[in-house]
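Chemist: Got a structure for you, written out below as structure tokens; questions coming shortly.
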Amino acid sequence: MKITVCIGSSCHIKGSRQVVEQLQYLINDNNLNDKVELGGTFCMGKCQQGVCVTVDDEFYSVTPDSVKEFFDKQVLAKV
């Protein structure tokens, strides 16, 4: 599974750094380092939709407050 987080300027302002840090923690905490690849990218072209995140090319809008719920539904449930 590949998770990509936008780290472009608009998403950075909306909390992409916190999203990345929380995802790193959750991946490590759930021992998923061998199953989940976390990466960053610049603008995904959907700047109005918050911190842009893709999971295997499926788009999601994530906030620092919704990372845990996103991780449970879109990552844990699928690995």
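Residues in the structure tokens are numbered from 1 in each chain, the chains being A, B, ... in the order shown, and ligands are numbered from 1 in the order shown.
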I want to know what sits within 7 Å of stretch 29-39 of chain A, based on only C-alpha atoms, with residues of the same chain fewer than 6 positions away left out; could you give that as a count of residues only?
Modeler: 5
Chemist: Please, which residues of stretch 1-78 of chain A, numbered as in this document, come out helix (DSSP H, G or I) from DSSP, as a PyMOL selection string?
Modeler: chain A and resi 9-13+16-29+47-49+67-74+76-78
Chemist: Out of chain A, which residues get strand (DSSP E or B) from DSSP, as a list in words?
Modeler: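 Answer for chain A, restricted to strand (DSSP E or B): Lys2, Ile3, Thr4, Val5, Cys6, Glu37, Leu38, Gly39, Gly40, Thr41, Val51, Cys52, Val53, Thr54, Val55, Glu58, Phe59, Tyr60, Ser61 and Val62 of chain A.
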Chemist: Just to be explicit: take each residue in the selection above, keep N, CA and C atoms, and write the result as a short mmCIF file (atom, residue, chain, number, x, y, z; two decimals), in the first residue's frame.
Modeler:
data_model
loop_
_atom_site.label_atom_id
_atom_site.label_comp_id
_atom_site.auth_asym_id
_atom_site.auth_seq_id
_atom_site.Cartn_x
_atom_site.Cartn_y
_atom_site.Cartn_z
N LYS A 2 0.54 2.20 -0.83
CA LYS A 2 1.32 3.44 -0.91
C LYS A 2 0.45 4.62 -0.51
N ILE A 3 0.90 5.36 0.49
CA ILE A 3 0.22 6.58 0.93
C ILE A 3 1.10 7.76 0.52
N THR A 4 0.50 8.72 -0.17
CA THR A 4 1.22 9.92 -0.59
C THR A 4 0.52 11.14 -0.02
N VAL A 5 1.29 12.02 0.62
CA VAL A 5 0.75 13.22 1.23
C VAL A 5 1.31 14.43 0.49
N CYS A 6 0.44 15.35 0.12
CA CYS A 6 0.88 16.58 -0.52
C CYS A 6 1.61 17.44 0.51
N GLU A 37 3.95 2.09 2.44
CA GLU A 37 4.99 3.04 2.03
C GLU A 37 4.40 4.44 2.11
N LEU A 38 5.06 5.32 2.87
CA LEU A 38 4.60 6.69 3.04
C LEU A 38 5.54 7.61 2.27
N GLY A 39 4.95 8.46 1.43
CA GLY A 39 5.76 9.38 0.64
C GLY A 39 5.12 10.75 0.57
N GLY A 40 5.86 11.69 0.04
CA GLY A 40 5.37 13.05 -0.12
C GLY A 40 5.42 13.44 -1.58
N THR A 41 4.62 14.42 -1.94
CA THR A 41 4.62 14.94 -3.30
C THR A 41 4.23 16.41 -3.24
N VAL A 51 -5.58 19.01 3.18
CA VAL A 51 -4.35 18.24 2.99
C VAL A 51 -4.71 17.06 2.08
N CYS A 52 -4.14 17.05 0.91
CA CYS A 52 -4.45 16.03 -0.08
C CYS A 52 -3.62 14.78 0.19
N VAL A 53 -4.30 13.64 0.25
CA VAL A 53 -3.64 12.37 0.51
C VAL A 53 -4.20 11.35 -0.47
N THR A 54 -3.31 10.51 -1.02
CA THR A 54 -3.79 9.40 -1.82
C THR A 54 -3.35 8.09 -1.18
N VAL A 55 -4.23 7.10 -1.29
CA VAL A 55 -3.91 5.74 -0.87
C VAL A 55 -4.08 4.89 -2.12
N GLU A 58 -6.08 6.61 -4.77
CA GLU A 58 -7.43 7.06 -4.44
C GLU A 58 -7.32 8.29 -3.55
N PHE A 59 -8.00 9.38 -3.94
CA PHE A 59 -7.84 10.68 -3.28
C PHE A 59 -8.68 10.81 -2.01
N TYR A 60 -8.07 11.45 -0.99
CA TYR A 60 -8.75 11.78 0.26
C TYR A 60 -8.32 13.16 0.71
N SER A 61 -9.21 13.83 1.42
CA SER A 61 -8.88 15.10 2.06
C SER A 61 -8.78 14.83 3.56
N VAL A 62 -7.62 15.11 4.13
CA VAL A 62 -7.36 14.77 5.53
C VAL A 62 -6.93 16.03 6.27
#
Chemist: Please identify all polymer residues within 7 Å of A:Val19, counting only C-alpha atoms, omitting same-chain residues fewer than 6 positions from it, and present them as a PyMOL selection string.
Modeler: chain A and resi 63-64+67
Chemist: May I have the residues from that selection written out with N, CA and C atoms, as a short mmCIF file (atom, residue, chain, number, x, y, z; two decimals), in the first residue's frame?
Modeler:
data_model
loop_
_atom_site.label_atom_id
_atom_site.label_comp_id
_atom_site.auth_asym_id
_atom_site.auth_seq_id
_atom_site.Cartn_x
_atom_site.Cartn_y
_atom_site.Cartn_z
N THR A 63 -7.33 16.14 7.53
CA THR A 63 -6.86 17.23 8.38
C THR A 63 -6.06 16.62 9.52
N PRO A 64 -5.26 17.44 10.21
CA PRO A 64 -4.54 16.89 11.36
C PRO A 64 -5.48 16.25 12.38
N VAL A 67 -6.74 12.45 11.05
CA VAL A 67 -5.76 11.44 10.62
C VAL A 67 -6.06 10.07 11.21
#
Chemist: Tell me, in Å to one decimal, how far atom CA of A:Gln18 is from atom CA of A:Lys46.
Modeler: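 Computed distance, atom CA of A:Gln18 to atom CA of A:Lys46, equals 18.8 Å.
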Chemist: Contacts between stretch 69-74 of chain A and stretch 8-36 of chain A, please, where a residue of stretch 8-36 of chain A counts if it comes within 10 Å (with only C-alpha atoms); show its shortest atom pair and distance in Å to one decimal, rows by chain and ascending number, as a tab-separated table.
Modeler:
residue	atom	partner	partner_atom	distance
A:Gln22	CA	A:Phe71	CA	9.5
A:Leu23	CA	A:Phe71	CA	7.5
A:Leu26	CA	A:Phe71	CA	7.7
A:Ile27	CA	A:Phe71	CA	8.9
Chemist: Report, in Å to a single decimal, how far apart atom CA of A:Gln49 and atom CA of A:Asn28 are.
Modeler: 27.1 Å
Chemist: What is the distance, in Å and to one decimal place, between atom CA of A:Ser10 and atom CA of A:Asp65?
Modeler: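 Atom-to-atom, atom CA of A:Ser10 and atom CA of A:Asp65 are spaced 17.1 Å apart.
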